[in-house]
Structure formats: C-alpha cells, structure tokens
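Novice: Would you mind keeping the following structure in view while I ask a few things?
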Amino acid sequence: MEYRETEIKGVWILDPTVFKDDRGYFFEVWKQADFDQHIGHHVEFIQDNESKSSYGVLRGLHYQKGKYSQAKLVRVIKGEVLDVAVDIRKSSPTFGKHVMVKLTEENKRQFFIPRGFAHGFLVLSDEAIFTYKVDNVYAPQSEASICWKDPDVGIQWPIDPEKVLTSKKDLAACSLKNAELFE
C-alpha cells in the first residue's frame with residue numbers, strides 16, 4: 001500500500017498494491033498496524049457503511065459536530081466518484097480549503113478524511129457502490145452539512161449543477177460562513 005499525504009495535512013490517499021492474474025485480483029484493503037504507522041496515530045474504526053447511488057448523485061458536504069465527529073476511510077467498490085474533503089477547522093492554516101480525489105473500481109484508491117472535515121462525493125458513473133469505515137457512531141443530533149455549491153468553498157464539480165441529484169437535507173445545507181465549525 002502506498003500512502004500519500006495530500007496538500008492538507010492529515011488527509012491521505014492510499015493506493016493499494018493489486019495482484020492480478022487470469023483468475024482476477026487480490027489486494028489488502030486495510031491493515032491496522034500499517035495504517036497507524038503511516039497516518040501517525042491510532043484510528044479505531046468501529047463501523048463499515050455502504051451506499052449505492054446513480055449518476056449525478058451528490059452526497060454532502062456532511063460532518064458531525066462535537067464528540068460525535070468522525071474520521072472516515074472511503075473507497076469505491078463499483079463505479080466512479082469524485083470525492084471531496086473540506087477543512088472546517090477554524091484554527092487550521094488550510095481552513096476552507098478542499099482536496100478532491102477520483103475513486104474508482106479500477107484504481108481501488110482509498111481516501112482518509114480525519115475529524116474536522118466536511119465530506120462529500122459526486123457519482124460520475126452510471127452507478128456507484130461506495131463504502132466507508134468510520135471511527136465514531138452516527139448521531140443525528142450532531143449531523144451538519146455545508147452547501148456543496150458554496151462559492152466560499154469553491155469546489156468545481158464536473159457536472160451541470162442542474163443535473164445534480166441530492167437530498168432535501170443537502171439542498172438546505174448552510175454556507176461555510178454560517179456553519180458550526182471545529183476550533
């Protein structure tokens with residue numbers, strides 16, 4: 001597994017070593033000891049989640065506040081998504097900046113998003129199956145969202161905004177300026 005830290009400290013891209021032959025392929029998806037060594041601290045994932053979405057679905061930019069904040073390790077099992085992490089730590093030198101990475105079933109790439117970040121993804125294929133590990137439980141009372149098209153965040157989504165499919169909750173998300181953020 002190759003670990004590459006992005007331009008935002010603490011956000012990592014993981015590229016697995018994939019062994020292929022005429023039978024198919026094999027790779028290690030995740031190994032606790034290697035992960036902790038490269039990330040530089042222990043992250044205890046407690047739950048795996050999976051979603052299925054169609055082309056143009058945009059989920060995010062989600063996060064959980066306070067003691068229910070979550071770190072995530074995300075990947076695509078089927079299809080292709082554009083995944084985004086936005087730094088929402090007010091005291092961070094990269095506050096408001098984002099990192100984008102394309103996750104596909106072919107590249108088998110993973111994306112680690114630490115606590116203190118909003119997260120979202122856009123489906124670029126006809127269908128995508130997206131899976132992620134989290135290090136904390138979901139707490140509806142602590143969930144929050146930042147608008148996916150907030151000009152202050154400035155994400156250049158590669159799709160006509162009129163073709164984006166999102167939830168009512170995400171349509172009602174606040175701007176970065178009005179969000180309850182991390183210190």
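Each chain in the structure tokens gets a letter, A, B and so on, in the order shown; residues start at 1 in every chain, and ligands are counted from 1 in the order they appear.
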Residues of range 130-175 of chain A within 12 Å of range 23-34 of chain A: nearest atom pair and distance (Å, one decimal) for each, counting only C-alpha atoms, sorted by chain and number, as JSON lines?
Specialist:
```
{"residue": "A:Thr131", "atom": "CA", "partner": "A:Val29", "partner_atom": "CA", "distance": 11.6}
{"residue": "A:Tyr132", "atom": "CA", "partner": "A:Val29", "partner_atom": "CA", "distance": 11.5}
{"residue": "A:Lys133", "atom": "CA", "partner": "A:Trp30", "partner_atom": "CA", "distance": 10.2}
```
Novice: Using only N, CA and C atoms, please write the residues we just selected to a file, as a compact mmCIF listing (two decimals), in the first residue's frame.
Specialist:
```txt
# COMPACT_ATOMS: atom_id res chain seq x y z
N THR A 131 -18.15 2.64 -0.12
CA THR A 131 -18.06 2.07 1.22
C THR A 131 -17.11 2.91 2.06
N TYR A 132 -17.39 2.96 3.35
CA TYR A 132 -16.52 3.74 4.22
C TYR A 132 -16.53 3.22 5.64
N LYS A 133 -15.34 3.32 6.25
CA LYS A 133 -15.15 3.00 7.65
C LYS A 133 -15.26 4.30 8.42
```
Novice: Report the distance between CA of Cys174 in chain A and CA of Cys147 in chain A in Å, rounded to one decimal place.
Specialist: 5.5 Å
Novice: Please identify all polymer residues within 7 Å of range 101-106 of chain A, counting only C-alpha atoms, omitting same-chain residues fewer than 6 positions from it, and present them as a list in words.
Specialist: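 Answer for this query is Arg75, Val76, Ile77, Lys78, Gly79, Glu80, Val81, Leu82, Asp83 and Val84 of chain A.
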Novice: Taking only chain A into account, list the residues labelled strand (DSSP E) by DSSP (computed from the backbone), as a PyMOL selection string.
Specialist: chain A and resi 2-5+12-15+19-21+24-26+47-54+58-64+72-78+80-87+98-104+110-113+117-123+127-134+143-145
